[in-house]
Structure formats: structure tokens, C-alpha cells
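Shown next: structure-v2.txt, given as compact mmCIF, N, CA and C atoms.
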```txt
# COMPACT_ATOMS: atom_id res chain seq x y z
N MET A 1 -1.29 41.82 29.95
CA MET A 1 -1.04 41.28 28.63
C MET A 1 0.46 41.26 28.38
N SER A 2 0.92 40.25 27.68
CA SER A 2 2.34 40.10 27.37
C SER A 2 2.65 40.70 26.00
N PHE A 3 3.66 41.56 25.96
CA PHE A 3 4.09 42.18 24.71
C PHE A 3 5.53 41.78 24.44
N ASN A 4 5.83 41.45 23.20
CA ASN A 4 7.18 41.06 22.84
C ASN A 4 8.07 42.23 22.47
N HIS A 5 7.48 43.26 21.88
CA HIS A 5 8.26 44.36 21.35
C HIS A 5 7.98 45.66 22.09
N ALA A 6 8.99 46.53 22.09
CA ALA A 6 8.84 47.87 22.65
C ALA A 6 9.62 48.85 21.80
N VAL A 7 9.08 50.04 21.68
CA VAL A 7 9.80 51.14 21.03
C VAL A 7 9.86 52.28 22.04
N ILE A 8 11.03 52.89 22.12
CA ILE A 8 11.24 54.04 23.00
C ILE A 8 11.62 55.23 22.12
N TRP A 9 10.80 56.28 22.15
CA TRP A 9 11.18 57.55 21.54
C TRP A 9 11.61 58.43 22.70
N ILE A 10 12.83 58.97 22.61
CA ILE A 10 13.37 59.72 23.76
C ILE A 10 14.05 61.00 23.31
N ASP A 11 13.83 62.06 24.10
CA ASP A 11 14.66 63.27 24.01
C ASP A 11 15.04 63.62 25.45
N HIS A 12 15.57 64.79 25.68
CA HIS A 12 16.06 65.13 27.02
C HIS A 12 14.95 65.55 27.99
N ARG A 13 13.72 65.64 27.51
CA ARG A 13 12.61 66.04 28.38
C ARG A 13 11.64 64.91 28.68
N GLU A 14 11.42 64.01 27.69
CA GLU A 14 10.44 62.96 27.89
C GLU A 14 10.73 61.76 27.01
N ALA A 15 10.17 60.64 27.42
CA ALA A 15 10.29 59.40 26.65
C ALA A 15 8.90 58.83 26.47
N HIS A 16 8.60 58.44 25.23
CA HIS A 16 7.36 57.76 24.91
C HIS A 16 7.72 56.30 24.71
N LEU A 17 7.12 55.44 25.49
CA LEU A 17 7.39 54.01 25.42
C LEU A 17 6.10 53.32 25.00
N ILE A 18 6.21 52.49 23.97
CA ILE A 18 5.05 51.71 23.52
C ILE A 18 5.45 50.25 23.51
N HIS A 19 4.76 49.45 24.32
CA HIS A 19 4.88 47.99 24.30
C HIS A 19 3.78 47.52 23.35
N PHE A 20 4.10 46.57 22.45
CA PHE A 20 3.07 46.15 21.52
C PHE A 20 3.23 44.72 21.04
N SER A 21 2.12 44.20 20.54
CA SER A 21 2.04 42.92 19.87
C SER A 21 1.19 43.18 18.62
N PRO A 22 0.97 42.17 17.79
CA PRO A 22 0.13 42.41 16.61
C PRO A 22 -1.30 42.86 16.96
N GLU A 23 -1.80 42.44 18.11
CA GLU A 23 -3.20 42.71 18.46
C GLU A 23 -3.41 43.94 19.34
N ALA A 24 -2.43 44.34 20.10
CA ALA A 24 -2.66 45.39 21.10
C ALA A 24 -1.38 46.16 21.40
N TYR A 25 -1.54 47.27 22.12
CA TYR A 25 -0.39 48.05 22.56
C TYR A 25 -0.74 48.80 23.84
N GLU A 26 0.31 49.19 24.56
CA GLU A 26 0.18 50.04 25.75
C GLU A 26 1.21 51.14 25.64
N LYS A 27 0.79 52.37 25.98
CA LYS A 27 1.69 53.52 25.92
C LYS A 27 2.01 54.00 27.32
N GLU A 28 3.21 54.54 27.45
CA GLU A 28 3.64 55.13 28.72
C GLU A 28 4.48 56.37 28.41
N LEU A 29 4.28 57.41 29.19
CA LEU A 29 5.06 58.65 29.05
C LEU A 29 5.88 58.83 30.31
N ILE A 30 7.19 59.03 30.13
CA ILE A 30 8.10 59.25 31.26
C ILE A 30 8.75 60.61 31.05
N LYS A 31 8.66 61.46 32.06
CA LYS A 31 9.23 62.81 31.96
C LYS A 31 10.41 62.95 32.90
N THR A 32 11.38 63.74 32.49
CA THR A 32 12.53 64.01 33.34
C THR A 32 12.13 64.94 34.48
N LYS A 33 12.84 64.85 35.56
CA LYS A 33 12.62 65.75 36.69
C LYS A 33 13.55 66.97 36.60
N SER A 34 14.41 66.98 35.59
CA SER A 34 15.37 68.06 35.39
C SER A 34 14.64 69.37 35.14
N SER A 35 15.16 70.45 35.69
CA SER A 35 14.54 71.76 35.53
C SER A 35 15.02 72.48 34.28
N HIS A 36 16.02 71.94 33.59
CA HIS A 36 16.53 72.58 32.38
C HIS A 36 15.58 72.28 31.22
N SER A 37 15.03 73.31 30.63
CA SER A 37 14.16 73.10 29.48
C SER A 37 14.87 73.54 28.21
N HIS A 38 14.77 72.75 27.19
CA HIS A 38 15.31 73.02 25.86
C HIS A 38 16.80 73.36 25.91
N LEU A 39 17.57 72.55 26.59
CA LEU A 39 19.00 72.73 26.71
C LEU A 39 19.70 71.85 25.68
N HIS A 40 20.56 72.45 24.89
CA HIS A 40 21.31 71.69 23.91
C HIS A 40 22.54 71.12 24.59
N HIS A 41 22.54 69.81 24.77
CA HIS A 41 23.58 69.16 25.56
C HIS A 41 24.96 69.23 24.92
N LYS A 42 25.06 69.33 23.61
CA LYS A 42 26.37 69.42 22.98
C LYS A 42 27.05 70.75 23.33
N SER A 43 26.28 71.80 23.44
CA SER A 43 26.88 73.10 23.72
C SER A 43 27.05 73.37 25.20
N GLY A 44 26.56 72.48 26.04
CA GLY A 44 26.74 72.65 27.48
C GLY A 44 25.51 73.16 28.17
N SER A 45 25.68 73.56 29.38
CA SER A 45 24.54 74.01 30.18
C SER A 45 24.47 75.53 30.20
N ALA A 46 23.45 76.04 30.84
CA ALA A 46 23.27 77.48 30.95
C ALA A 46 24.44 78.14 31.68
N SER A 47 25.10 77.37 32.56
CA SER A 47 26.22 77.93 33.32
C SER A 47 27.53 77.85 32.56
N GLY A 48 27.52 77.26 31.38
CA GLY A 48 28.73 77.14 30.59
C GLY A 48 29.48 75.84 30.81
N THR A 49 29.00 75.00 31.70
CA THR A 49 29.63 73.70 31.92
C THR A 49 28.88 72.64 31.12
N HIS A 50 29.49 71.48 30.96
CA HIS A 50 28.85 70.40 30.22
C HIS A 50 27.61 69.92 30.95
N ALA A 51 26.52 69.77 30.22
CA ALA A 51 25.27 69.31 30.83
C ALA A 51 25.37 67.83 31.17
N VAL A 52 24.89 67.47 32.33
CA VAL A 52 24.94 66.09 32.81
C VAL A 52 23.58 65.43 32.56
N SER A 53 23.61 64.19 32.13
CA SER A 53 22.38 63.44 31.91
C SER A 53 21.64 63.22 33.21
N ASP A 54 20.33 63.16 33.14
CA ASP A 54 19.49 62.86 34.29
C ASP A 54 19.42 61.34 34.41
N HIS A 55 20.28 60.77 35.24
CA HIS A 55 20.37 59.31 35.35
C HIS A 55 19.11 58.70 35.94
N GLY A 56 18.41 59.40 36.80
CA GLY A 56 17.15 58.91 37.33
C GLY A 56 16.12 58.75 36.23
N TYR A 57 16.08 59.72 35.33
CA TYR A 57 15.19 59.68 34.17
C TYR A 57 15.54 58.49 33.27
N LEU A 58 16.81 58.34 32.96
CA LEU A 58 17.24 57.23 32.10
C LEU A 58 16.93 55.89 32.76
N HIS A 59 17.14 55.80 34.06
CA HIS A 59 16.84 54.56 34.77
C HIS A 59 15.34 54.25 34.75
N ALA A 60 14.51 55.27 34.87
CA ALA A 60 13.06 55.06 34.80
C ALA A 60 12.64 54.53 33.43
N VAL A 61 13.28 55.02 32.39
CA VAL A 61 13.00 54.54 31.03
C VAL A 61 13.40 53.06 30.92
N VAL A 62 14.57 52.74 31.43
CA VAL A 62 15.07 51.36 31.40
C VAL A 62 14.12 50.43 32.15
N GLU A 63 13.70 50.83 33.34
CA GLU A 63 12.78 50.01 34.13
C GLU A 63 11.45 49.78 33.40
N ALA A 64 10.97 50.80 32.72
CA ALA A 64 9.70 50.68 32.02
C ALA A 64 9.79 49.72 30.83
N ALA A 65 10.98 49.58 30.25
CA ALA A 65 11.16 48.73 29.07
C ALA A 65 11.64 47.32 29.42
N ALA A 66 11.93 47.06 30.66
CA ALA A 66 12.61 45.83 31.07
C ALA A 66 11.90 44.54 30.68
N ASN A 67 10.58 44.53 30.58
CA ASN A 67 9.86 43.30 30.29
C ASN A 67 9.76 42.96 28.81
N ALA A 68 10.18 43.85 27.94
CA ALA A 68 10.11 43.60 26.50
C ALA A 68 11.17 42.57 26.09
N ARG A 69 10.84 41.80 25.07
CA ARG A 69 11.80 40.84 24.52
C ARG A 69 12.78 41.51 23.57
N GLU A 70 12.26 42.48 22.79
CA GLU A 70 13.09 43.24 21.86
C GLU A 70 12.72 44.71 21.95
N ILE A 71 13.74 45.57 21.84
CA ILE A 71 13.53 47.01 22.04
C ILE A 71 14.18 47.78 20.90
N LEU A 72 13.44 48.75 20.38
CA LEU A 72 13.94 49.70 19.40
C LEU A 72 14.00 51.06 20.09
N ILE A 73 15.13 51.74 19.99
CA ILE A 73 15.29 53.07 20.60
C ILE A 73 15.40 54.09 19.47
N VAL A 74 14.57 55.13 19.54
CA VAL A 74 14.57 56.17 18.52
C VAL A 74 14.49 57.54 19.18
N GLY A 75 14.81 58.56 18.42
CA GLY A 75 14.70 59.92 18.92
C GLY A 75 15.40 60.89 17.98
N PRO A 76 15.18 62.19 18.19
CA PRO A 76 15.71 63.18 17.28
C PRO A 76 17.15 63.62 17.55
N GLY A 77 17.65 63.44 18.75
CA GLY A 77 18.96 63.98 19.09
C GLY A 77 19.83 62.99 19.83
N SER A 78 20.63 63.50 20.75
CA SER A 78 21.62 62.67 21.43
C SER A 78 21.07 61.89 22.62
N ALA A 79 19.85 62.12 23.03
CA ALA A 79 19.30 61.43 24.20
C ALA A 79 19.26 59.92 23.99
N LYS A 80 19.00 59.48 22.76
CA LYS A 80 18.96 58.04 22.50
C LYS A 80 20.34 57.42 22.70
N LEU A 81 21.38 58.16 22.37
CA LEU A 81 22.75 57.67 22.57
C LEU A 81 23.13 57.69 24.04
N GLU A 82 22.65 58.70 24.77
CA GLU A 82 22.88 58.74 26.22
C GLU A 82 22.17 57.58 26.90
N LEU A 83 20.98 57.23 26.41
CA LEU A 83 20.27 56.07 26.95
C LEU A 83 21.07 54.80 26.69
N MET A 84 21.61 54.67 25.49
CA MET A 84 22.43 53.49 25.17
C MET A 84 23.67 53.41 26.07
N LYS A 85 24.33 54.54 26.31
CA LYS A 85 25.49 54.56 27.21
C LYS A 85 25.08 54.15 28.62
N HIS A 86 23.93 54.65 29.07
CA HIS A 86 23.43 54.30 30.40
C HIS A 86 23.17 52.79 30.48
N ILE A 87 22.53 52.25 29.48
CA ILE A 87 22.23 50.81 29.45
C ILE A 87 23.51 50.00 29.43
N THR A 88 24.47 50.41 28.62
CA THR A 88 25.75 49.70 28.52
C THR A 88 26.46 49.68 29.87
N LYS A 89 26.39 50.79 30.59
CA LYS A 89 27.09 50.89 31.87
C LYS A 89 26.34 50.24 33.03
N HIS A 90 25.01 50.34 33.03
CA HIS A 90 24.24 49.96 34.22
C HIS A 90 23.27 48.79 34.05
N ASP A 91 22.88 48.46 32.84
CA ASP A 91 21.81 47.49 32.62
C ASP A 91 22.17 46.51 31.51
N HIS A 92 23.17 45.68 31.76
CA HIS A 92 23.69 44.78 30.73
C HIS A 92 22.63 43.81 30.20
N ALA A 93 21.72 43.36 31.02
CA ALA A 93 20.68 42.42 30.57
C ALA A 93 19.80 43.05 29.50
N LEU A 94 19.52 44.34 29.63
CA LEU A 94 18.69 45.03 28.65
C LEU A 94 19.43 45.24 27.33
N LEU A 95 20.73 45.37 27.39
CA LEU A 95 21.54 45.61 26.20
C LEU A 95 21.31 44.55 25.13
N GLU A 96 21.17 43.30 25.55
CA GLU A 96 20.96 42.19 24.61
C GLU A 96 19.61 42.27 23.91
N LYS A 97 18.67 43.01 24.46
CA LYS A 97 17.33 43.11 23.89
C LYS A 97 17.21 44.20 22.82
N ILE A 98 18.18 45.08 22.74
CA ILE A 98 18.09 46.22 21.82
C ILE A 98 18.44 45.77 20.41
N VAL A 99 17.48 45.99 19.50
CA VAL A 99 17.67 45.56 18.11
C VAL A 99 18.08 46.71 17.19
N GLY A 100 17.95 47.94 17.66
CA GLY A 100 18.35 49.07 16.83
C GLY A 100 18.21 50.39 17.53
N VAL A 101 18.95 51.37 17.00
CA VAL A 101 18.88 52.76 17.45
C VAL A 101 18.77 53.59 16.18
N GLU A 102 17.70 54.35 16.06
CA GLU A 102 17.42 55.10 14.84
C GLU A 102 17.08 56.55 15.14
N THR A 103 17.38 57.42 14.20
CA THR A 103 17.01 58.83 14.32
C THR A 103 15.61 59.01 13.75
N VAL A 104 14.73 59.52 14.59
CA VAL A 104 13.34 59.78 14.22
C VAL A 104 12.98 61.12 14.83
N ASP A 105 12.37 62.01 14.05
CA ASP A 105 12.09 63.36 14.52
C ASP A 105 11.07 63.38 15.66
N HIS A 106 9.90 63.90 15.47
CA HIS A 106 8.88 64.02 16.53
C HIS A 106 7.56 63.45 16.02
N PRO A 107 7.44 62.12 15.95
CA PRO A 107 6.20 61.53 15.44
C PRO A 107 5.10 61.52 16.50
N SER A 108 3.88 61.40 16.04
CA SER A 108 2.78 61.14 16.98
C SER A 108 2.96 59.71 17.48
N ASP A 109 2.23 59.34 18.53
CA ASP A 109 2.34 57.97 19.02
C ASP A 109 1.89 56.96 17.97
N GLY A 110 0.89 57.31 17.18
CA GLY A 110 0.43 56.44 16.10
C GLY A 110 1.50 56.24 15.04
N GLN A 111 2.17 57.32 14.66
CA GLN A 111 3.26 57.23 13.68
C GLN A 111 4.43 56.43 14.24
N LEU A 112 4.71 56.61 15.53
CA LEU A 112 5.79 55.88 16.17
C LEU A 112 5.50 54.39 16.18
N LEU A 113 4.28 54.02 16.51
CA LEU A 113 3.89 52.61 16.53
C LEU A 113 3.97 52.02 15.13
N ALA A 114 3.51 52.74 14.11
CA ALA A 114 3.58 52.25 12.72
C ALA A 114 5.04 52.06 12.29
N PHE A 115 5.90 53.01 12.63
CA PHE A 115 7.33 52.91 12.31
C PHE A 115 7.93 51.67 12.97
N ALA A 116 7.62 51.48 14.25
CA ALA A 116 8.18 50.35 15.00
C ALA A 116 7.69 49.02 14.44
N LYS A 117 6.42 48.93 14.08
CA LYS A 117 5.90 47.68 13.51
C LYS A 117 6.62 47.34 12.22
N LYS A 118 6.82 48.32 11.34
CA LYS A 118 7.55 48.07 10.09
C LYS A 118 8.99 47.64 10.39
N TYR A 119 9.61 48.29 11.34
CA TYR A 119 10.99 47.97 11.71
C TYR A 119 11.09 46.54 12.22
N PHE A 120 10.18 46.17 13.11
CA PHE A 120 10.23 44.83 13.69
C PHE A 120 9.85 43.74 12.69
N ILE A 121 9.02 44.07 11.71
CA ILE A 121 8.73 43.09 10.65
C ILE A 121 10.04 42.72 9.94
N LYS A 122 10.85 43.72 9.64
CA LYS A 122 12.15 43.45 8.99
C LYS A 122 13.05 42.62 9.89
N ILE A 123 13.13 43.00 11.16
CA ILE A 123 13.96 42.26 12.12
C ILE A 123 13.47 40.83 12.27
N ASP A 124 12.17 40.67 12.44
CA ASP A 124 11.60 39.32 12.62
C ASP A 124 11.80 38.47 11.38
N ASN A 125 11.69 39.06 10.19
CA ASN A 125 11.92 38.30 8.97
C ASN A 125 13.37 37.85 8.86
N MET A 126 14.30 38.69 9.28
CA MET A 126 15.71 38.31 9.25
C MET A 126 15.99 37.16 10.22
N LYS A 127 15.26 37.14 11.33
CA LYS A 127 15.46 36.10 12.34
C LYS A 127 14.61 34.85 12.05
N GLY A 128 13.70 34.94 11.07
CA GLY A 128 12.80 33.84 10.81
C GLY A 128 11.66 33.77 11.80
N ASP A 129 11.37 34.88 12.47
CA ASP A 129 10.32 34.96 13.48
C ASP A 129 9.18 35.80 12.88
N SER A 130 7.95 35.42 13.08
CA SER A 130 6.84 36.17 12.50
C SER A 130 5.87 36.67 13.56
N VAL A 131 6.39 37.22 14.64
CA VAL A 131 5.55 37.69 15.74
C VAL A 131 4.69 38.88 15.32
N ILE A 132 5.25 39.82 14.55
CA ILE A 132 4.50 41.02 14.14
C ILE A 132 3.73 40.77 12.85
N GLY A 133 4.40 40.23 11.84
CA GLY A 133 3.84 40.07 10.51
C GLY A 133 2.61 39.28 10.50
```
Could you render the structure from this file as C-alpha cells?
Amino acid sequence: MSFNHAVIWIDHREAHLIHFSPEAYEKELIKTKSSHSHLHHKSGSASGTHAVSDHGYLHAVVEAAANAREILIVGPGSAKLELMKHITKHDHALLEKIVGVETVDHPSDGQLLAFAKKYFIKIDNMKGDSVIG
């Protein structure tokens, strides 16, 4: 099935990706292979050095979202910004598809989908497109 929109909720441990249309949706969960659990990246790593992003994880998220026409990126912390930096540096084609980056705490997948649908209705109305509405 073809989906026009995608929402990515991301933190440093996992990403929830939902591709959706008005009629249907598909969910995907992508987890990091990093062994660091609950590490605050602003304060550095357990060894006292700056924590490095898991680029393999970020690339897997990018690959999973590649077929969407428009993408919304959300999350509670800095992982969404690290994903944006990764996309800017490595995946220029995907950069044009991103319609927003928003701070969202820890919603259920149902809440995330509802948030994304409302968000895309606003975006589509501004563009004169009524794919979701």
C-alpha cells in the first residue's frame, strides 16, 4: 500500500515510525544497537567523554522513512535534532520531505498517529492539498 505521510518519534534507544494515509497505517519499531541505556547525551557518556550518535541507528530510521512523501519528526529530547543533522549531512533527498520537527513526550502509537494526522491536516491545508482531511 502507498502512504503519503510518515511520522517518526525518536529517542536515543528507539524510533517509532508510522506510515499512514486517511484509510490505513503501518507501524515499524527500530531499536539502536548501542549498549548505553538511558544516557543523557548533553552531559556526555559514562566515561566522561561526549556521547557519539549511533549512525547505523539513524541510517536505519532514514531508510525506513525514505518512501514517504512528507515526514514529521518528533521526540522528547535531542535525538530528533541528531536525526535532522544526520539527514542534512547524509541524506539530502530526504531533507526536502521533512515538514516539521516537534517536541512530543512519550505518546502511545495511537496518540502519535492522531497527533500526526492533525499536524498534516494543517500542512495540507496550507499547501491546498487534502490528502488527510
As a ChimeraX atom specification, which residues of region 2-132 of chain A does DSSP assign to helix (DSSP H, G or I)? /A:55-65,79-90,92-95,109-127
Coordinates-based distance that separates CA of Lys97 (chain A) from atom C of Lys127 (chain A) (Å, one decimal):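 Taking atom C of Lys127 (chain A) as the start and CA of Lys97 (chain A) as the end point, the length is 14.7 Å.
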Assign secondary structure with DSSP using the backbone only, and return the residues of region 37-124 of chain A in strand (DSSP E or B) as a PDB file with N, CA and C atoms, in the frame of the given file.
```pdb
ATOM      1  N   GLU A  70      12.260  42.480  22.790  1.00  0.00           N
ATOM      2  CA  GLU A  70      13.090  43.240  21.860  1.00  0.00           C
ATOM      3  C   GLU A  70      12.720  44.710  21.950  1.00  0.00           C
ATOM      4  N   ILE A  71      13.740  45.570  21.840  1.00  0.00           N
ATOM      5  CA  ILE A  71      13.530  47.010  22.040  1.00  0.00           C
ATOM      6  C   ILE A  71      14.180  47.780  20.900  1.00  0.00           C
ATOM      7  N   LEU A  72      13.440  48.750  20.380  1.00  0.00           N
ATOM      8  CA  LEU A  72      13.940  49.700  19.400  1.00  0.00           C
ATOM      9  C   LEU A  72      14.000  51.060  20.090  1.00  0.00           C
ATOM     10  N   ILE A  73      15.130  51.740  19.990  1.00  0.00           N
ATOM     11  CA  ILE A  73      15.290  53.070  20.600  1.00  0.00           C
ATOM     12  C   ILE A  73      15.400  54.090  19.470  1.00  0.00           C
ATOM     13  N   VAL A  74      14.570  55.130  19.540  1.00  0.00           N
ATOM     14  CA  VAL A  74      14.570  56.170  18.520  1.00  0.00           C
ATOM     15  C   VAL A  74      14.490  57.540  19.180  1.00  0.00           C
ATOM     16  N   GLY A  75      14.810  58.560  18.420  1.00  0.00           N
ATOM     17  CA  GLY A  75      14.700  59.920  18.920  1.00  0.00           C
ATOM     18  C   GLY A  75      15.400  60.890  17.980  1.00  0.00           C
ATOM     19  N   ILE A  98      18.180  45.080  22.740  1.00  0.00           N
ATOM     20  CA  ILE A  98      18.090  46.220  21.820  1.00  0.00           C
ATOM     21  C   ILE A  98      18.440  45.770  20.410  1.00  0.00           C
ATOM     22  N   VAL A  99      17.480  45.990  19.500  1.00  0.00           N
ATOM     23  CA  VAL A  99      17.670  45.560  18.110  1.00  0.00           C
ATOM     24  C   VAL A  99      18.080  46.710  17.190  1.00  0.00           C
ATOM     25  N   GLY A 100      17.950  47.940  17.660  1.00  0.00           N
ATOM     26  CA  GLY A 100      18.350  49.070  16.830  1.00  0.00           C
ATOM     27  C   GLY A 100      18.210  50.390  17.530  1.00  0.00           C
ATOM     28  N   VAL A 101      18.950  51.370  17.000  1.00  0.00           N
ATOM     29  CA  VAL A 101      18.880  52.760  17.450  1.00  0.00           C
ATOM     30  C   VAL A 101      18.770  53.590  16.180  1.00  0.00           C
ATOM     31  N   GLU A 102      17.700  54.350  16.060  1.00  0.00           N
ATOM     32  CA  GLU A 102      17.420  55.100  14.840  1.00  0.00           C
ATOM     33  C   GLU A 102      17.080  56.550  15.140  1.00  0.00           C
ATOM     34  N   THR A 103      17.380  57.420  14.200  1.00  0.00           N
ATOM     35  CA  THR A 103      17.010  58.830  14.320  1.00  0.00           C
ATOM     36  C   THR A 103      15.610  59.010  13.750  1.00  0.00           C
TER      37      THR A 103
END
```
Straight-line distance linking atom N of Lys31 (chain A) with atom N of Val99 (chain A), stated in Å to one decimal: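 Result for atom N of Lys31 (chain A) versus atom N of Val99 (chain A): 21.8 Å, one decimal.
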Find the spatial neighbours of Asp54 (chain A), counting all atoms listed in the file, within a cut-off of 8 Å - ignore same-chain residues fewer than 2 positions away - and output them as JSON, numbers by chain. {"A": [12, 32, 33, 34, 51, 52, 56, 57, 58, 59, 60]}
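Distance annotation: of A:Trp9, A:His55, A:Asp124, A:Ala65, the residue with the minimal separation from His86 (chain A) is A:His55; atom set is all atoms listed in the file.
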To one decimal place in Å, what is the distance between atom N of Ser2 (chain A) and CA of Leu113 (chain A)?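 Computing the Euclidean distance for atom N of Ser2 (chain A) and CA of Leu113 (chain A) yields 16.9 Å.
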Expected residue set, 12 Å radius at (20.9, 47.2, 35.1), only C-alpha atoms, as a PyMOL selection string: chain A and resi 58-63+65-66+84-96
Can you list, as a PDB file with N, CA and C atoms, keeping the file's coordinate frame, every protein, DNA or RNA residue that comes within 10 Å of Ala116 (chain A) when you count only C-alpha atoms, leaving out same-chain residues fewer than 6 positions away?
```
ATOM      1  N   HIS A   5       7.480  43.260  21.880  1.00  0.00           N
ATOM      2  CA  HIS A   5       8.260  44.360  21.350  1.00  0.00           C
ATOM      3  C   HIS A   5       7.980  45.660  22.090  1.00  0.00           C
ATOM      4  N   ALA A   6       8.990  46.530  22.090  1.00  0.00           N
ATOM      5  CA  ALA A   6       8.840  47.870  22.650  1.00  0.00           C
ATOM      6  C   ALA A   6       9.620  48.850  21.800  1.00  0.00           C
ATOM      7  N   VAL A   7       9.080  50.040  21.680  1.00  0.00           N
ATOM      8  CA  VAL A   7       9.800  51.140  21.030  1.00  0.00           C
ATOM      9  C   VAL A   7       9.860  52.280  22.040  1.00  0.00           C
ATOM     10  N   ILE A   8      11.030  52.890  22.120  1.00  0.00           N
ATOM     11  CA  ILE A   8      11.240  54.040  23.000  1.00  0.00           C
ATOM     12  C   ILE A   8      11.620  55.230  22.120  1.00  0.00           C
ATOM     13  N   ILE A  18       6.210  52.490  23.970  1.00  0.00           N
ATOM     14  CA  ILE A  18       5.050  51.710  23.520  1.00  0.00           C
ATOM     15  C   ILE A  18       5.450  50.250  23.510  1.00  0.00           C
ATOM     16  N   PHE A  20       4.100  46.570  22.450  1.00  0.00           N
ATOM     17  CA  PHE A  20       3.070  46.150  21.520  1.00  0.00           C
ATOM     18  C   PHE A  20       3.230  44.720  21.040  1.00  0.00           C
ATOM     19  N   ILE A  71      13.740  45.570  21.840  1.00  0.00           N
ATOM     20  CA  ILE A  71      13.530  47.010  22.040  1.00  0.00           C
ATOM     21  C   ILE A  71      14.180  47.780  20.900  1.00  0.00           C
ATOM     22  N   LEU A  72      13.440  48.750  20.380  1.00  0.00           N
ATOM     23  CA  LEU A  72      13.940  49.700  19.400  1.00  0.00           C
ATOM     24  C   LEU A  72      14.000  51.060  20.090  1.00  0.00           C
ATOM     25  N   ILE A  73      15.130  51.740  19.990  1.00  0.00           N
ATOM     26  CA  ILE A  73      15.290  53.070  20.600  1.00  0.00           C
ATOM     27  C   ILE A  73      15.400  54.090  19.470  1.00  0.00           C
ATOM     28  N   VAL A  74      14.570  55.130  19.540  1.00  0.00           N
ATOM     29  CA  VAL A  74      14.570  56.170  18.520  1.00  0.00           C
ATOM     30  C   VAL A  74      14.490  57.540  19.180  1.00  0.00           C
ATOM     31  N   GLY A 110       0.890  57.310  17.180  1.00  0.00           N
ATOM     32  CA  GLY A 110       0.430  56.440  16.100  1.00  0.00           C
ATOM     33  C   GLY A 110       1.500  56.240  15.040  1.00  0.00           C
ATOM     34  N   LYS A 122      10.850  43.720   9.640  1.00  0.00           N
ATOM     35  CA  LYS A 122      12.150  43.450   8.990  1.00  0.00           C
ATOM     36  C   LYS A 122      13.050  42.620   9.890  1.00  0.00           C
TER      37      LYS A 122
END
```
Counting only C-alpha atoms, the residue of A:Asn67, A:Asn4, A:Ser78, A:Gln111 that sits nearest Ser53 (chain A): A:Ser78
Excluding Lys27 (chain A) and residues on its chain fewer than 4 positions from it, collect all residues at most 8 Å away from it, counting only C-alpha atoms, and give them as a PyMOL selection string. chain A and resi 16-19
Using only N, CA and C atoms, pick whichever of A:Ile30, A:Val101, A:Leu81, A:Ala64 has the shortest atom-to-atom distance to Arg13 (chain A).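 Among A:Ile30, A:Val101, A:Leu81, A:Ala64, it is A:Ile30 that comes nearest to Arg13 (chain A).
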Out of A:Ile98, A:Leu112, A:Ile10, A:Ala79, which residue has the shortest atom-to-atom distance to Tyr25 (chain A) when counting only C-alpha atoms?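 Closest to Tyr25 (chain A), using only C-alpha atoms: A:Leu112.
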